[in-house]
There are 2 protein chains.
Amino acid sequence: MANIKDVAKHASVSVATVSRFLNKKGYVSEAAKESIEAAIASLNYRPNQVARSLSTKRTNLIGLIVPDITNPFFPELARAVEDIALSYGYTIVLCNSDEKAEKEELYINMLTQKYVAGFIVTTNLLKAPHYEDVSVPIVALDRTINLSIPTVTTDNVEGARIGTAHLLACGAKNIVCMRGPVGLGLADDRVKGFIEATADKDVQTHIVECPFSFEASEKIAEKILIDYPDIDGIFASSDTSAIAALKVAQAMGRHVPNDLQIVGFDGVQLGKMVSPGLTTVAQDIYKMGAYATRMLIKMIEDTSLTEKNVTVSAELIVRGTTRKD
Amino acid sequence: MANIKDVAKHASVSVATVSRFLNKKGYVSEAAKESIEAAIASLNYRPNQVARSLSTKRTNLIGLIVPDITNPFFPELARAVEDIALSYGYTIVLCNSDEKAEKEELYINMLTQKYVAGFIVTTNLLKAPHYEDVSVPIVALDRTINLSIPTVTTDNVEGARIGTAHLLACGAKNIVCMRGPVGLGLADDRVKGFIEATADKDVQTHIVECPFSFEASEKIAEKILIDYPDIDGIFASSDTSAIAALKVAQAMGRHVPNDLQIVGFDGVQLGKMVSPGLTTVAQDIYKMGAYATRMLIKMIEDTSLTEKNVTVSAELIVRGTTRKD
DNA sequence: TTGAAAGCGTTACCAA
DNA sequence: TTGGTAACGCTTTCAA
C-alpha cells in the first residue's frame, strides 16, 4: 500500500503539500494539484485512517448502543443510522447493552480508546455515571434524558392518547393497558396518555405492567385474559406486547377484532405481518434514527446545534385489530 | 488522558518495559511489574488503540456485511457475532450492503483503510472481484462460496427434504414450493431438497420463484392461491415468505392448517409470534454466527484453522401451520 | 532484564 | 505557496 510519502515523491512535492491537498486546507497551486492527483491515481493511494486518527485524535466511527438488536424496533433504527452515517462517511459500531450498565461502560471505554467520534444511545441508564465523563458528543434516542444530552423522541403521551382514543371510538368499554416497565420514561409517558384519554369516559380500565419481550408478554397476556375475561380492548405499550396478546387471545378462542380489539405502539414492520394486521401508534423509526444521526454528526463537526430536543410525532395506523367501521 | 510515557515516568522504567508488560511479551521483572501496575492504576491509564494499531497494522474491528439488518434473519445473526466478538475483545462494524457490489466494495475499502481485522460476510456476490484482493481473513456465512473462503452454512438440501417430508407426512397432496431467487446457492439447494423429497411421491407440485422480502412474497402468495386454488400445502424457502403466505391465505378465507398447510425455512423468532405458530425448518442462527466468529478470530490470530467448511444441521420445528396428528 | 531509538502514516506549525 | 519537521502514542529491534 502506497503512503503519503510515495505520493509526494511521485508528484515531486512535499508530504505537507499532499496533506494540504488531501484535506483541502491551505494553499496548493494548480500545478501541484494536478501532479498530486496523477500520483494518487497511478499509485492507487488511499489515506491511512489510523495514522490520520492518531494525529487528529478523531475517527469517523459512531458507536450505536442499543439494548438488543434482536428486538424488532432496533434493526429499523440501526438501518436508518447506518444509512445516514454512511452518507456522511461515518461507519457504525454496533453495541448490544442488554440494558446493563457494565456493558455500556465497557463499550464506552473500548470505543473511547479508539477515538470514537460520538455515540447514539438508546438506554434508560442515561443518568448512570459512565456517561458523565464521556468527552465526545452523545445523542439519546427514544428514551428521555436527565442531563443536557440532546434527544430525539416521540411524543409518547400524545401517541398513547391517540391510540387509546381510537380504541374508545371503536367501542371498547373495558380496556387493559399493558404498560411498559415502571420507571422507564417512555413507558410512564404512554400510561399517562392512556389515563388521560380514558379519564371521565364511560370505560372500565386496568393497568398491568409488562416487559417488552415477547415471551414475558405472552405470559402476562394470558394472565390478563384469565383475570379479566370481560375485557374488550387492550392498549399495549409496545407492538411486541400487542402481538403477544393477539396470539394468546386467538389461541384462547377470542376473535380479534370482533370480540377483542388491540392497539400497539411502535410501528415495527412486524405489525404488518401478523393477521389481522396490527393497529398501532407508529413512531417514524427511520426518521428518528436519521434525525439523531444528523444531529450527532453536526455536533461532531461542531456546527452549532439549533434544536437540542426534537420530538417526532406519532401516527395512528389502523389495520385489522380494531374495528374500523 | 495519560499515555505510556507518563506511566513509564511514574513507574521509573522505560516505555519499552511498560509496553512489554502491557503485551505480556518479553521479560519484565517482578519489581518492574509492580511499579507499573501501580502507575497504571493511579493514572487510570488505558492504552490508546489507535496508536497501537498504527504500529501493529491491525485493529480489533470486525466488519459484518449483511444485505439488510432489517430482514429478521440478520439481527439474530448479528447478535451472535457481537456476543462472541465482544468476549474476545473485538468490536463489530455493521455494514448493510443491500446485496449491491458497490456498497460492499465501499465498505471493504473504508474498513481496509482502518486496518480492520477481518470480515464476516453474508452475500451472494462472493465471486465478485472486490473480494479477491482483500488481504485480511474473511468467513462467509449462510451463503456458499466460490473461492477458498471458509464458510459456515446449513445443509439446505437436507433441511428442505425434511421440511417437505413433514408436509407430505401431514397429508399434503398438492404443494407449491415458493423458492428463493434463482442462482442464489442456498435457494437452489432448498428447491433441490424439495424436488428430491417429492419425486416418485403421489403429489402434485409447482415451483414458483419468490424473493425473500415480505411485500413481494405477499403478492406472489396471492397469485399462487388464485392460480392454484386446489393446493393444500406450501413449502416456502424462507420464513418471511411463509408468513406472507400465511397472512394472505388467512385473508382469503383459507384455514391454516386444516385447509392449507405451510412450512417455512430459517427459524427466525418471528415464526413464534404469528398465529398459528409457523412450522419451519430452523437453522441454528445463533450457533452459525458464533461459529463463524470463532473461525474468523482464529484466522486473525492465526491459529491454524482445522475445518474450513462447517455445516450446521437444520432442525424441523413443528408448530401450528401443519397438522401434527 | 532493560532502555534508546527507529519506525507506523498523518497532520499542522513555522519558516522560507 | 511550499517544505522541513515535530508531534500523535505505541511496538519492536538491537545493544547493553
# chains A, B, ... in the order shown; residues from 1 in each chain; ligands from 1
call {"tool": "interface_residues", "arguments": {"of": "chain B", "to": "chain D", "cutoff": "12 Å", "atoms": "only C-alpha atoms (C1' of nucleotides)", "output": "number ranges by chain"}}
result
B: 1-6, 15-23, 25-26, 46-58
call {"tool": "interface_residues", "arguments": {"of": "chain C", "to": "chain A", "cutoff": "10 Å", "atoms": "only C-alpha atoms (C1' of nucleotides)", "output": "list in words"}}
result
DC8, DG9, DT10, DT11 and DA12 of chain C
call {"tool": "write_last_selection", "arguments": {"atoms": "N, CA, C and O atoms (P, O5', C5', C4', C3', O3' and C1' of nucleotides)", "output": "PDB file, in the first residue's frame"}}
result
ATOM      1  P    DC C   8       8.242   2.489   8.504  1.00  0.00           P
ATOM      2  O5'  DC C   8       6.765   2.512   9.088  1.00  0.00           O
ATOM      3  C5'  DC C   8       6.150   1.362   9.621  1.00  0.00           C
ATOM      4  C4'  DC C   8       4.803   1.767  10.179  1.00  0.00           C
ATOM      5  C3'  DC C   8       4.166   2.906   9.372  1.00  0.00           C
ATOM      6  O3'  DC C   8       3.260   2.345   8.422  1.00  0.00           O
ATOM      7  C1'  DC C   8       3.980   3.241  11.763  1.00  0.00           C
ATOM      8  P    DG C   9       3.376   2.802   6.870  1.00  0.00           P
ATOM      9  O5'  DG C   9       2.460   4.099   6.873  1.00  0.00           O
ATOM     10  C5'  DG C   9       1.089   3.962   7.206  1.00  0.00           C
ATOM     11  C4'  DG C   9       0.502   5.335   7.388  1.00  0.00           C
ATOM     12  C3'  DG C   9       0.716   6.267   6.212  1.00  0.00           C
ATOM     13  O3'  DG C   9      -0.533   6.853   5.921  1.00  0.00           O
ATOM     14  C1'  DG C   9       1.422   7.298   8.212  1.00  0.00           C
ATOM     15  P    DT C  10      -0.803   7.826   4.716  1.00  0.00           P
ATOM     16  O5'  DT C  10      -1.519   9.046   5.409  1.00  0.00           O
ATOM     17  C5'  DT C  10      -0.816   9.807   6.298  1.00  0.00           C
ATOM     18  C4'  DT C  10      -1.743  10.394   7.329  1.00  0.00           C
ATOM     19  C3'  DT C  10      -1.967  11.860   7.043  1.00  0.00           C
ATOM     20  O3'  DT C  10      -3.306  12.260   7.239  1.00  0.00           O
ATOM     21  C1'  DT C  10      -0.669  11.538   9.040  1.00  0.00           C
ATOM     22  P    DT C  11      -3.664  13.796   6.847  1.00  0.00           P
ATOM     23  O5'  DT C  11      -3.201  14.606   8.150  1.00  0.00           O
ATOM     24  C5'  DT C  11      -3.945  14.464   9.340  1.00  0.00           C
ATOM     25  C4'  DT C  11      -3.418  15.434  10.366  1.00  0.00           C
ATOM     26  C3'  DT C  11      -3.594  16.899  10.000  1.00  0.00           C
ATOM     27  O3'  DT C  11      -4.011  17.552  11.197  1.00  0.00           O
ATOM     28  C1'  DT C  11      -1.338  16.462  10.435  1.00  0.00           C
ATOM     29  P    DA C  12      -4.599  19.049  11.144  1.00  0.00           P
ATOM     30  O5'  DA C  12      -3.328  19.897  11.595  1.00  0.00           O
ATOM     31  C5'  DA C  12      -2.734  19.616  12.851  1.00  0.00           C
ATOM     32  C4'  DA C  12      -1.581  20.558  13.034  1.00  0.00           C
ATOM     33  C3'  DA C  12      -1.852  21.958  12.470  1.00  0.00           C
ATOM     34  O3'  DA C  12      -1.121  22.870  13.265  1.00  0.00           O
ATOM     35  C1'  DA C  12      -0.025  21.056  11.373  1.00  0.00           C
TER      36       DA C  12
END
call {"tool": "interface_residues", "arguments": {"of": "chain A", "to": "chain B", "cutoff": "6 Å", "atoms": "only C-alpha atoms", "output": "list of chain:residue names"}}
result
A:Asn48, A:Gln49, A:Val50, A:Ala51, A:Leu54, A:Ile69, A:Thr70, A:Pro75, A:Glu76, A:Ile92, A:Val93, A:Leu94, A:Gln113, A:Lys114, A:Lys247, A:Val274, A:Ser275
call {"tool": "select_by_dssp", "arguments": {"residues": "stretch 41-275 of chain A", "states": "helix (DSSP H, G or I)", "output": "MDAnalysis selection string"}}
result
chainID A and resid 41:43 49:56 73:87 101:112 129:131 156:169 185:198 214:227 239:251 270:273
call {"tool": "residues_around", "arguments": {"residues": "A:Val191", "least_positions_apart": "4", "cutoff": "8 Å", "atoms": "only C-alpha atoms (C1' of nucleotides)", "output": "PyMOL selection string"}}
result
chain A and resi 157+160+177+179+187+195+237
call {"tool": "atom_distance", "arguments": {"atom1": "atom CA of B:Glu315", "atom2": "atom CA of B:Met288"}}
result
13.4 Å
call {"tool": "decode", "arguments": {"residues": "chain D", "atoms": "N, CA, C and O atoms (P, O5', C5', C4', C3', O3' and C1' of nucleotides)", "output": "PDB file, in the first residue's frame"}}
result
ATOM      1  P    DT D   1      -1.787  30.646  -5.125  1.00  0.00           P
ATOM      2  O5'  DT D   1      -0.778  29.899  -4.382  1.00  0.00           O
ATOM      3  C5'  DT D   1      -0.157  29.616  -3.218  1.00  0.00           C
ATOM      4  C4'  DT D   1       1.147  29.019  -3.628  1.00  0.00           C
ATOM      5  C3'  DT D   1       1.194  27.524  -3.353  1.00  0.00           C
ATOM      6  O3'  DT D   1       1.994  26.882  -4.343  1.00  0.00           O
ATOM      7  C1'  DT D   1       2.698  28.690  -1.930  1.00  0.00           C
ATOM      8  P    DT D   2       2.243  25.296  -4.325  1.00  0.00           P
ATOM      9  O5'  DT D   2       3.415  25.188  -3.269  1.00  0.00           O
ATOM     10  C5'  DT D   2       4.751  25.325  -3.695  1.00  0.00           C
ATOM     11  C4'  DT D   2       5.652  25.154  -2.511  1.00  0.00           C
ATOM     12  C3'  DT D   2       5.714  23.735  -1.960  1.00  0.00           C
ATOM     13  O3'  DT D   2       6.891  23.137  -2.464  1.00  0.00           O
ATOM     14  C1'  DT D   2       5.764  25.415  -0.253  1.00  0.00           C
ATOM     15  P    DG D   3       7.101  21.589  -2.226  1.00  0.00           P
ATOM     16  O5'  DG D   3       7.935  21.621  -0.863  1.00  0.00           O
ATOM     17  C5'  DG D   3       9.100  22.417  -0.822  1.00  0.00           C
ATOM     18  C4'  DG D   3       9.749  22.300   0.542  1.00  0.00           C
ATOM     19  C3'  DG D   3       9.885  20.869   1.067  1.00  0.00           C
ATOM     20  O3'  DG D   3      11.149  20.802   1.705  1.00  0.00           O
ATOM     21  C1'  DG D   3       8.647  22.162   2.614  1.00  0.00           C
ATOM     22  P    DG D   4      11.797  19.421   2.080  1.00  0.00           P
ATOM     23  O5'  DG D   4      12.317  19.706   3.560  1.00  0.00           O
ATOM     24  C5'  DG D   4      12.491  21.078   3.993  1.00  0.00           C
ATOM     25  C4'  DG D   4      12.742  21.139   5.485  1.00  0.00           C
ATOM     26  C3'  DG D   4      13.120  19.833   6.178  1.00  0.00           C
ATOM     27  O3'  DG D   4      13.960  20.166   7.273  1.00  0.00           O
ATOM     28  C1'  DG D   4      11.004  20.540   6.969  1.00  0.00           C
ATOM     29  P    DT D   5      14.401  19.019   8.323  1.00  0.00           P
ATOM     30  O5'  DT D   5      13.177  18.980   9.340  1.00  0.00           O
ATOM     31  C5'  DT D   5      12.830  20.169  10.065  1.00  0.00           C
ATOM     32  C4'  DT D   5      11.821  19.808  11.148  1.00  0.00           C
ATOM     33  C3'  DT D   5      12.052  18.444  11.778  1.00  0.00           C
ATOM     34  O3'  DT D   5      11.658  18.544  13.127  1.00  0.00           O
ATOM     35  C1'  DT D   5       9.905  18.514  10.928  1.00  0.00           C
ATOM     36  P    DA D   6      12.428  17.770  14.231  1.00  0.00           P
ATOM     37  O5'  DA D   6      11.493  18.049  15.495  1.00  0.00           O
ATOM     38  C5'  DA D   6      11.010  19.387  15.721  1.00  0.00           C
ATOM     39  C4'  DA D   6       9.559  19.309  16.148  1.00  0.00           C
ATOM     40  C3'  DA D   6       9.295  18.280  17.233  1.00  0.00           C
ATOM     41  O3'  DA D   6       8.325  18.829  18.106  1.00  0.00           O
ATOM     42  C1'  DA D   6       7.957  17.781  15.375  1.00  0.00           C
ATOM     43  P    DA D   7       7.948  18.129  19.474  1.00  0.00           P
ATOM     44  O5'  DA D   7       7.477  16.665  19.026  1.00  0.00           O
ATOM     45  C5'  DA D   7       6.453  16.082  19.745  1.00  0.00           C
ATOM     46  C4'  DA D   7       5.118  16.505  19.177  1.00  0.00           C
ATOM     47  C3'  DA D   7       4.100  15.445  19.538  1.00  0.00           C
ATOM     48  O3'  DA D   7       3.015  16.029  20.203  1.00  0.00           O
ATOM     49  C1'  DA D   7       4.208  15.723  17.159  1.00  0.00           C
ATOM     50  P    DC D   8       2.424  15.254  21.454  1.00  0.00           P
ATOM     51  O5'  DC D   8       1.421  14.215  20.798  1.00  0.00           O
ATOM     52  C5'  DC D   8       0.365  14.617  19.961  1.00  0.00           C
ATOM     53  C4'  DC D   8      -0.239  13.375  19.349  1.00  0.00           C
ATOM     54  C3'  DC D   8       0.015  12.117  20.183  1.00  0.00           C
ATOM     55  O3'  DC D   8      -1.110  11.869  21.004  1.00  0.00           O
ATOM     56  C1'  DC D   8       0.336  11.747  17.814  1.00  0.00           C
ATOM     57  P    DG D   9      -0.886  11.580  22.592  1.00  0.00           P
ATOM     58  O5'  DG D   9      -0.596  10.024  22.633  1.00  0.00           O
ATOM     59  C5'  DG D   9      -1.580   9.131  22.145  1.00  0.00           C
ATOM     60  C4'  DG D   9      -0.965   7.772  21.987  1.00  0.00           C
ATOM     61  C3'  DG D   9      -0.204   7.272  23.224  1.00  0.00           C
ATOM     62  O3'  DG D   9      -0.657   5.966  23.471  1.00  0.00           O
ATOM     63  C1'  DG D   9       1.134   7.068  21.309  1.00  0.00           C
ATOM     64  P    DC D  10      -0.110   5.074  24.623  1.00  0.00           P
ATOM     65  O5'  DC D  10       0.615   3.931  23.775  1.00  0.00           O
ATOM     66  C5'  DC D  10      -0.197   3.096  22.994  1.00  0.00           C
ATOM     67  C4'  DC D  10       0.593   2.427  21.900  1.00  0.00           C
ATOM     68  C3'  DC D  10       1.555   1.338  22.382  1.00  0.00           C
ATOM     69  O3'  DC D  10       1.013   0.067  22.040  1.00  0.00           O
ATOM     70  C1'  DC D  10       2.526   2.739  20.704  1.00  0.00           C
ATOM     71  P    DT D  11       1.797  -1.246  22.510  1.00  0.00           P
ATOM     72  O5'  DT D  11       2.794  -1.470  21.290  1.00  0.00           O
ATOM     73  C5'  DT D  11       2.248  -1.879  20.037  1.00  0.00           C
ATOM     74  C4'  DT D  11       3.375  -2.225  19.092  1.00  0.00           C
ATOM     75  C3'  DT D  11       4.211  -3.424  19.513  1.00  0.00           C
ATOM     76  O3'  DT D  11       4.493  -4.135  18.308  1.00  0.00           O
ATOM     77  C1'  DT D  11       5.610  -1.560  19.246  1.00  0.00           C
ATOM     78  P    DT D  12       5.040  -5.640  18.338  1.00  0.00           P
ATOM     79  O5'  DT D  12       6.570  -5.445  17.933  1.00  0.00           O
ATOM     80  C5'  DT D  12       6.887  -4.633  16.812  1.00  0.00           C
ATOM     81  C4'  DT D  12       8.388  -4.475  16.728  1.00  0.00           C
ATOM     82  C3'  DT D  12       9.171  -5.655  17.313  1.00  0.00           C
ATOM     83  O3'  DT D  12      10.314  -5.838  16.500  1.00  0.00           O
ATOM     84  C1'  DT D  12       9.838  -3.687  18.369  1.00  0.00           C
ATOM     85  P    DT D  13      10.914  -7.326  16.349  1.00  0.00           P
ATOM     86  O5'  DT D  13      12.367  -6.910  15.816  1.00  0.00           O
ATOM     87  C5'  DT D  13      12.480  -5.780  14.955  1.00  0.00           C
ATOM     88  C4'  DT D  13      13.727  -4.994  15.294  1.00  0.00           C
ATOM     89  C3'  DT D  13      14.913  -5.899  15.628  1.00  0.00           C
ATOM     90  O3'  DT D  13      16.042  -5.450  14.877  1.00  0.00           O
ATOM     91  C1'  DT D  13      14.620  -4.271  17.313  1.00  0.00           C
ATOM     92  P    DC D  14      17.332  -6.446  14.710  1.00  0.00           P
ATOM     93  O5'  DC D  14      18.429  -5.624  15.490  1.00  0.00           O
ATOM     94  C5'  DC D  14      18.340  -4.192  15.519  1.00  0.00           C
ATOM     95  C4'  DC D  14      19.207  -3.687  16.647  1.00  0.00           C
ATOM     96  C3'  DC D  14      20.354  -4.634  17.011  1.00  0.00           C
ATOM     97  O3'  DC D  14      21.565  -3.899  16.990  1.00  0.00           O
ATOM     98  C1'  DC D  14      19.088  -4.060  18.942  1.00  0.00           C
ATOM     99  P    DA D  15      22.972  -4.663  17.190  1.00  0.00           P
ATOM    100  O5'  DA D  15      23.432  -3.957  18.547  1.00  0.00           O
ATOM    101  C5'  DA D  15      22.603  -2.914  19.017  1.00  0.00           C
ATOM    102  C4'  DA D  15      23.139  -2.238  20.217  1.00  0.00           C
ATOM    103  C3'  DA D  15      24.426  -2.786  20.822  1.00  0.00           C
ATOM    104  O3'  DA D  15      25.101  -1.722  21.460  1.00  0.00           O
ATOM    105  C1'  DA D  15      22.593  -3.286  22.261  1.00  0.00           C
ATOM    106  P    DA D  16      26.383  -1.992  22.380  1.00  0.00           P
ATOM    107  O5'  DA D  16      25.781  -1.998  23.850  1.00  0.00           O
ATOM    108  C5'  DA D  16      24.997  -0.879  24.274  1.00  0.00           C
ATOM    109  C4'  DA D  16      24.507  -1.158  25.669  1.00  0.00           C
ATOM    110  C3'  DA D  16      25.598  -1.684  26.608  1.00  0.00           C
ATOM    111  O3'  DA D  16      25.466  -1.032  27.852  1.00  0.00           O
ATOM    112  C1'  DA D  16      23.773  -3.141  26.640  1.00  0.00           C
TER     113       DA D  16
END
